>>> print(open('final_6.txt').read())   # compact mmCIF, N, CA and C atoms
# COMPACT_ATOMS: atom_id res chain seq x y z
N MET T 1 13.96 4.60 -4.43
CA MET T 1 14.19 5.47 -3.30
C MET T 1 15.65 5.45 -2.85
N TRP T 2 16.32 4.36 -3.02
CA TRP T 2 17.66 4.27 -2.45
C TRP T 2 18.61 5.29 -3.06
N GLU T 3 18.42 5.63 -4.32
CA GLU T 3 19.31 6.60 -4.95
C GLU T 3 19.20 7.96 -4.27
N ARG T 4 17.95 8.39 -4.00
CA ARG T 4 17.73 9.67 -3.34
C ARG T 4 18.34 9.65 -1.94
N SER T 5 18.13 8.56 -1.22
CA SER T 5 18.68 8.43 0.13
C SER T 5 20.19 8.44 0.10
N PHE T 6 20.77 7.72 -0.85
CA PHE T 6 22.22 7.65 -0.96
C PHE T 6 22.82 9.03 -1.19
N VAL T 7 22.25 9.77 -2.12
CA VAL T 7 22.77 11.10 -2.43
C VAL T 7 22.62 12.02 -1.23
N ALA T 8 21.45 12.03 -0.61
CA ALA T 8 21.21 12.92 0.53
C ALA T 8 22.14 12.60 1.69
N VAL T 9 22.26 11.34 2.04
CA VAL T 9 23.12 10.96 3.17
C VAL T 9 24.58 11.24 2.84
N SER T 10 24.99 11.00 1.62
CA SER T 10 26.37 11.29 1.22
C SER T 10 26.69 12.78 1.39
N VAL T 11 25.76 13.62 0.97
CA VAL T 11 25.96 15.07 1.09
C VAL T 11 25.92 15.48 2.56
N LEU T 12 24.99 14.92 3.32
CA LEU T 12 24.91 15.25 4.74
C LEU T 12 26.18 14.86 5.50
N LEU T 13 26.84 13.82 5.04
CA LEU T 13 28.08 13.37 5.68
C LEU T 13 29.31 14.11 5.18
N GLY T 14 29.11 15.08 4.29
CA GLY T 14 30.22 15.91 3.86
C GLY T 14 30.72 15.68 2.45
N GLY T 15 30.13 14.76 1.73
CA GLY T 15 30.54 14.52 0.36
C GLY T 15 29.96 15.57 -0.58
N SER T 16 30.48 15.63 -1.76
CA SER T 16 29.95 16.59 -2.73
C SER T 16 28.80 15.97 -3.50
N VAL T 17 27.94 16.82 -4.01
CA VAL T 17 26.82 16.36 -4.83
C VAL T 17 27.34 15.65 -6.06
N GLN T 18 28.38 16.20 -6.68
CA GLN T 18 28.93 15.61 -7.90
C GLN T 18 29.47 14.21 -7.64
N ASP T 19 30.18 14.03 -6.52
CA ASP T 19 30.72 12.71 -6.20
C ASP T 19 29.60 11.70 -5.93
N ALA T 20 28.57 12.12 -5.23
CA ALA T 20 27.45 11.23 -4.93
C ALA T 20 26.73 10.82 -6.21
N LEU T 21 26.51 11.78 -7.10
CA LEU T 21 25.84 11.47 -8.36
C LEU T 21 26.71 10.57 -9.24
N ALA T 22 28.01 10.77 -9.21
CA ALA T 22 28.92 9.96 -10.01
C ALA T 22 28.97 8.51 -9.54
N ALA T 23 28.67 8.29 -8.27
CA ALA T 23 28.71 6.93 -7.72
C ALA T 23 27.46 6.12 -8.06
N LEU T 24 26.42 6.77 -8.56
CA LEU T 24 25.18 6.07 -8.89
C LEU T 24 25.32 5.30 -10.20
N PRO T 25 24.53 4.24 -10.36
CA PRO T 25 24.53 3.52 -11.63
C PRO T 25 24.01 4.40 -12.77
N ILE T 26 24.36 4.05 -13.97
CA ILE T 26 23.91 4.80 -15.15
C ILE T 26 22.39 4.80 -15.19
N GLY T 27 21.83 5.98 -15.45
CA GLY T 27 20.39 6.12 -15.54
C GLY T 27 19.72 6.58 -14.26
N SER T 28 20.44 6.53 -13.16
CA SER T 28 19.85 6.92 -11.88
C SER T 28 19.61 8.41 -11.77
N GLU T 29 20.46 9.20 -12.39
CA GLU T 29 20.33 10.64 -12.25
C GLU T 29 18.99 11.14 -12.78
N ALA T 30 18.46 10.49 -13.79
CA ALA T 30 17.16 10.90 -14.32
C ALA T 30 16.06 10.70 -13.28
N ARG T 31 16.18 9.66 -12.45
CA ARG T 31 15.17 9.39 -11.43
C ARG T 31 15.25 10.36 -10.26
N ILE T 32 16.40 10.99 -10.07
CA ILE T 32 16.54 11.91 -8.94
C ILE T 32 16.84 13.33 -9.41
N ALA T 33 16.42 13.64 -10.62
CA ALA T 33 16.72 14.95 -11.20
C ALA T 33 16.22 16.10 -10.35
N ASP T 34 15.04 15.95 -9.73
CA ASP T 34 14.52 17.04 -8.90
C ASP T 34 15.39 17.28 -7.68
N LEU T 35 15.83 16.22 -7.02
CA LEU T 35 16.71 16.37 -5.87
C LEU T 35 18.06 16.94 -6.29
N ALA T 36 18.60 16.44 -7.39
CA ALA T 36 19.89 16.94 -7.88
C ALA T 36 19.82 18.42 -8.18
N SER T 37 18.74 18.87 -8.78
CA SER T 37 18.62 20.30 -9.10
C SER T 37 18.51 21.13 -7.83
N LYS T 38 17.83 20.61 -6.81
CA LYS T 38 17.74 21.34 -5.53
C LYS T 38 19.11 21.43 -4.87
N LEU T 39 19.87 20.35 -4.91
CA LEU T 39 21.17 20.34 -4.25
C LEU T 39 22.21 21.18 -5.00
N LYS T 40 21.97 21.43 -6.26
CA LYS T 40 22.88 22.27 -7.06
C LYS T 40 22.45 23.73 -7.09
N ASP T 41 21.30 24.04 -6.49
CA ASP T 41 20.76 25.40 -6.49
C ASP T 41 21.69 26.33 -5.72
N SER T 42 21.77 27.57 -6.13
CA SER T 42 22.66 28.52 -5.47
C SER T 42 22.09 29.04 -4.15
N ARG T 43 20.79 28.85 -3.96
CA ARG T 43 20.16 29.32 -2.71
C ARG T 43 20.29 28.28 -1.61
N ARG T 44 20.83 28.70 -0.49
CA ARG T 44 21.07 27.80 0.64
C ARG T 44 19.77 27.19 1.16
N THR T 45 18.70 27.97 1.21
CA THR T 45 17.43 27.46 1.73
C THR T 45 16.87 26.34 0.86
N VAL T 46 17.05 26.43 -0.44
CA VAL T 46 16.57 25.38 -1.34
C VAL T 46 17.36 24.10 -1.12
N ARG T 47 18.67 24.23 -0.99
CA ARG T 47 19.52 23.05 -0.73
C ARG T 47 19.16 22.42 0.61
N ALA T 48 18.99 23.25 1.63
CA ALA T 48 18.67 22.73 2.97
C ALA T 48 17.32 22.04 2.98
N GLN T 49 16.34 22.61 2.30
CA GLN T 49 15.02 22.00 2.25
C GLN T 49 15.07 20.65 1.54
N GLY T 50 15.81 20.59 0.44
CA GLY T 50 15.95 19.32 -0.28
C GLY T 50 16.56 18.24 0.58
N LEU T 51 17.60 18.59 1.32
CA LEU T 51 18.23 17.63 2.22
C LEU T 51 17.32 17.24 3.38
N ALA T 52 16.60 18.21 3.91
CA ALA T 52 15.71 17.95 5.05
C ALA T 52 14.60 16.97 4.69
N VAL T 53 14.02 17.14 3.52
CA VAL T 53 12.95 16.24 3.08
C VAL T 53 13.48 14.82 2.96
N GLU T 54 14.63 14.67 2.34
CA GLU T 54 15.21 13.33 2.16
C GLU T 54 15.64 12.73 3.50
N ALA T 55 16.22 13.55 4.37
CA ALA T 55 16.64 13.05 5.69
C ALA T 55 15.43 12.57 6.49
N GLN T 56 14.32 13.27 6.37
CA GLN T 56 13.10 12.85 7.06
C GLN T 56 12.63 11.50 6.53
N GLU T 57 12.67 11.31 5.23
CA GLU T 57 12.26 10.03 4.65
C GLU T 57 13.16 8.89 5.12
N VAL T 58 14.45 9.16 5.22
CA VAL T 58 15.38 8.14 5.72
C VAL T 58 15.06 7.82 7.18
N ALA T 59 14.80 8.84 7.99
CA ALA T 59 14.49 8.64 9.40
C ALA T 59 13.20 7.83 9.58
N VAL T 60 12.20 8.13 8.77
CA VAL T 60 10.94 7.38 8.84
C VAL T 60 11.17 5.93 8.46
N ALA T 61 11.93 5.69 7.41
CA ALA T 61 12.21 4.31 6.98
C ALA T 61 12.98 3.54 8.06
N LEU T 62 13.93 4.22 8.70
CA LEU T 62 14.68 3.57 9.78
C LEU T 62 13.76 3.25 10.95
N GLY T 63 12.84 4.16 11.25
CA GLY T 63 11.89 3.93 12.32
C GLY T 63 10.99 2.74 12.04
N GLU T 64 10.57 2.59 10.80
CA GLU T 64 9.73 1.46 10.43
C GLU T 64 10.47 0.14 10.56
N VAL T 65 11.72 0.12 10.18
CA VAL T 65 12.52 -1.10 10.29
C VAL T 65 12.78 -1.43 11.75
N THR T 66 13.05 -0.40 12.54
CA THR T 66 13.35 -0.61 13.97
C THR T 66 12.13 -1.13 14.72
N LEU T 67 10.94 -0.69 14.35
CA LEU T 67 9.73 -1.09 15.06
C LEU T 67 9.27 -2.49 14.71
N ARG T 68 9.80 -3.08 13.67
CA ARG T 68 9.37 -4.43 13.29
C ARG T 68 9.84 -5.45 14.23
>>> encode(input="final_6.txt", output="structure tokens")
Amino acid sequence: MWERSFVAVSVLLGGSVQDALAALPIGSEARIADLASKLKDSRRTVRAQGLAVEAQEVAVALGEVTLR
């Protein structure tokens, strides 16, 4: 999960998809291929939806850690 979160948060903070993917360890891109394809899509709604889903997962995980 951390790879997906890393890419999504990096893009949300203003980084490029290519830079975020390049920062991942070798082999990680295969595990996040669906997210990468959404973020590279030419349609803005597809990119936004991909980021929104990942941002929600990050928020839920943060909430779980905070509540412990």
>>> axis_aligned_box(input="final_6.txt", around="range 10-27 of chain T", padding_each_side="3 Å", output="lines of an AutoDock Vina configuration file")
center_x = 25.2
center_y = 10.2
center_z = -4.9
size_x = 17.0
size_y = 19.3
size_z = 27.2
>>> closest_residue(input="final_6.txt", among="T:Ala8, T:Gly14, T:Trp2, T:Ile26", to="Glu54 in chain T", atoms="all atoms listed in the file")
T:Ala8
>>> closest_residue(input="final_6.txt", among="T:Ala55, T:Leu62, T:Gln49, T:Glu3", to="Pro25 in chain T", atoms="only C-alpha atoms")
T:Glu3
>>> atom_distance(input="final_6.txt", atom1="CA of Met1 in chain T", atom2="CA of Ala48 in chain T")
18.9 Å
>>> atom_distance(input="final_6.txt", atom1="atom N of Glu57 in chain T", atom2="atom N of Leu12 in chain T")
13.0 Å
>>> atom_distance(input="final_6.txt", atom1="atom N of Gln56 in chain T", atom2="atom N of Val9 in chain T")
9.2 Å
>>> residues_around(input="final_6.txt", residues="Ser37 in chain T", least_positions_apart="4", cutoff="10 Å", atoms="only C-alpha atoms", output="PyMOL selection string")
chain T and resi 32-33+41-42+46-47+50
>>> select_by_dssp(input="final_6.txt", residues="chain T", states="alpha helix (DSSP H)", output="PyMOL selection string")
chain T and resi 2-12+17-22+28-31+33-40+44-67
>>> build_atoms(input="final_6.txt", residues="range 18-43 of chain T", atoms="N, CA, C and O atoms", output="mmCIF file, in the coordinates of the input")
data_model
loop_
_atom_site.group_PDB
_atom_site.id
_atom_site.type_symbol
_atom_site.label_atom_id
_atom_site.label_comp_id
_atom_site.auth_asym_id
_atom_site.auth_seq_id
_atom_site.Cartn_x
_atom_site.Cartn_y
_atom_site.Cartn_z
ATOM 1 N N GLN T 18 28.380 16.200 -6.680
ATOM 2 C CA GLN T 18 28.930 15.610 -7.900
ATOM 3 C C GLN T 18 29.470 14.210 -7.640
ATOM 4 O O GLN T 18 29.276 13.297 -8.449
ATOM 5 N N ASP T 19 30.180 14.030 -6.520
ATOM 6 C CA ASP T 19 30.720 12.710 -6.200
ATOM 7 C C ASP T 19 29.600 11.700 -5.930
ATOM 8 O O ASP T 19 29.684 10.547 -6.359
ATOM 9 N N ALA T 20 28.570 12.120 -5.230
ATOM 10 C CA ALA T 20 27.450 11.230 -4.930
ATOM 11 C C ALA T 20 26.730 10.820 -6.210
ATOM 12 O O ALA T 20 26.406 9.647 -6.399
ATOM 13 N N LEU T 21 26.510 11.780 -7.100
ATOM 14 C CA LEU T 21 25.840 11.470 -8.360
ATOM 15 C C LEU T 21 26.710 10.570 -9.240
ATOM 16 O O LEU T 21 26.200 9.667 -9.920
ATOM 17 N N ALA T 22 28.010 10.770 -9.210
ATOM 18 C CA ALA T 22 28.920 9.960 -10.010
ATOM 19 C C ALA T 22 28.970 8.510 -9.540
ATOM 20 O O ALA T 22 29.239 7.609 -10.326
ATOM 21 N N ALA T 23 28.670 8.290 -8.270
ATOM 22 C CA ALA T 23 28.710 6.930 -7.720
ATOM 23 C C ALA T 23 27.460 6.120 -8.060
ATOM 24 O O ALA T 23 27.446 4.912 -7.853
ATOM 25 N N LEU T 24 26.420 6.770 -8.560
ATOM 26 C CA LEU T 24 25.180 6.070 -8.890
ATOM 27 C C LEU T 24 25.320 5.300 -10.200
ATOM 28 O O LEU T 24 26.096 5.680 -11.075
ATOM 29 N N PRO T 25 24.530 4.240 -10.360
ATOM 30 C CA PRO T 25 24.530 3.520 -11.630
ATOM 31 C C PRO T 25 24.010 4.400 -12.770
ATOM 32 O O PRO T 25 23.267 5.360 -12.538
ATOM 33 N N ILE T 26 24.360 4.050 -13.970
ATOM 34 C CA ILE T 26 23.910 4.800 -15.150
ATOM 35 C C ILE T 26 22.390 4.800 -15.190
ATOM 36 O O ILE T 26 21.752 3.784 -14.975
ATOM 37 N N GLY T 27 21.830 5.980 -15.450
ATOM 38 C CA GLY T 27 20.390 6.120 -15.540
ATOM 39 C C GLY T 27 19.720 6.580 -14.260
ATOM 40 O O GLY T 27 18.556 6.954 -14.271
ATOM 41 N N SER T 28 20.440 6.530 -13.160
ATOM 42 C CA SER T 28 19.850 6.920 -11.880
ATOM 43 C C SER T 28 19.610 8.410 -11.770
ATOM 44 O O SER T 28 18.663 8.839 -11.122
ATOM 45 N N GLU T 29 20.460 9.200 -12.390
ATOM 46 C CA GLU T 29 20.330 10.640 -12.250
ATOM 47 C C GLU T 29 18.990 11.140 -12.780
ATOM 48 O O GLU T 29 18.432 12.095 -12.246
ATOM 49 N N ALA T 30 18.460 10.490 -13.790
ATOM 50 C CA ALA T 30 17.160 10.900 -14.320
ATOM 51 C C ALA T 30 16.060 10.700 -13.280
ATOM 52 O O ALA T 30 15.123 11.483 -13.214
ATOM 53 N N ARG T 31 16.180 9.660 -12.450
ATOM 54 C CA ARG T 31 15.170 9.390 -11.430
ATOM 55 C C ARG T 31 15.250 10.360 -10.260
ATOM 56 O O ARG T 31 14.284 10.508 -9.519
ATOM 57 N N ILE T 32 16.400 10.990 -10.070
ATOM 58 C CA ILE T 32 16.540 11.910 -8.940
ATOM 59 C C ILE T 32 16.840 13.330 -9.410
ATOM 60 O O ILE T 32 17.420 14.130 -8.680
ATOM 61 N N ALA T 33 16.420 13.640 -10.620
ATOM 62 C CA ALA T 33 16.720 14.950 -11.200
ATOM 63 C C ALA T 33 16.220 16.100 -10.350
ATOM 64 O O ALA T 33 16.905 17.131 -10.223
ATOM 65 N N ASP T 34 15.040 15.950 -9.730
ATOM 66 C CA ASP T 34 14.520 17.040 -8.900
ATOM 67 C C ASP T 34 15.390 17.280 -7.680
ATOM 68 O O ASP T 34 15.688 18.420 -7.322
ATOM 69 N N LEU T 35 15.830 16.220 -7.020
ATOM 70 C CA LEU T 35 16.710 16.370 -5.870
ATOM 71 C C LEU T 35 18.060 16.940 -6.290
ATOM 72 O O LEU T 35 18.591 17.849 -5.643
ATOM 73 N N ALA T 36 18.600 16.440 -7.390
ATOM 74 C CA ALA T 36 19.890 16.940 -7.880
ATOM 75 C C ALA T 36 19.820 18.420 -8.180
ATOM 76 O O ALA T 36 20.743 19.176 -7.837
ATOM 77 N N SER T 37 18.740 18.870 -8.780
ATOM 78 C CA SER T 37 18.620 20.300 -9.100
ATOM 79 C C SER T 37 18.510 21.130 -7.830
ATOM 80 O O SER T 37 19.058 22.230 -7.755
ATOM 81 N N LYS T 38 17.830 20.610 -6.810
ATOM 82 C CA LYS T 38 17.740 21.340 -5.530
ATOM 83 C C LYS T 38 19.110 21.430 -4.870
ATOM 84 O O LYS T 38 19.474 22.471 -4.318
ATOM 85 N N LEU T 39 19.870 20.350 -4.910
ATOM 86 C CA LEU T 39 21.170 20.340 -4.250
ATOM 87 C C LEU T 39 22.210 21.180 -5.000
ATOM 88 O O LEU T 39 23.205 21.589 -4.414
ATOM 89 N N LYS T 40 21.970 21.430 -6.260
ATOM 90 C CA LYS T 40 22.880 22.270 -7.060
ATOM 91 C C LYS T 40 22.450 23.730 -7.090
ATOM 92 O O LYS T 40 23.155 24.567 -7.633
ATOM 93 N N ASP T 41 21.300 24.040 -6.490
ATOM 94 C CA ASP T 41 20.760 25.400 -6.490
ATOM 95 C C ASP T 41 21.690 26.330 -5.720
ATOM 96 O O ASP T 41 22.325 25.920 -4.744
ATOM 97 N N SER T 42 21.770 27.570 -6.130
ATOM 98 C CA SER T 42 22.660 28.520 -5.470
ATOM 99 C C SER T 42 22.090 29.040 -4.150
ATOM 100 O O SER T 42 22.833 29.553 -3.317
ATOM 101 N N ARG T 43 20.790 28.850 -3.960
ATOM 102 C CA ARG T 43 20.160 29.320 -2.710
ATOM 103 C C ARG T 43 20.290 28.280 -1.610
ATOM 104 O O ARG T 43 19.908 27.120 -1.775
#
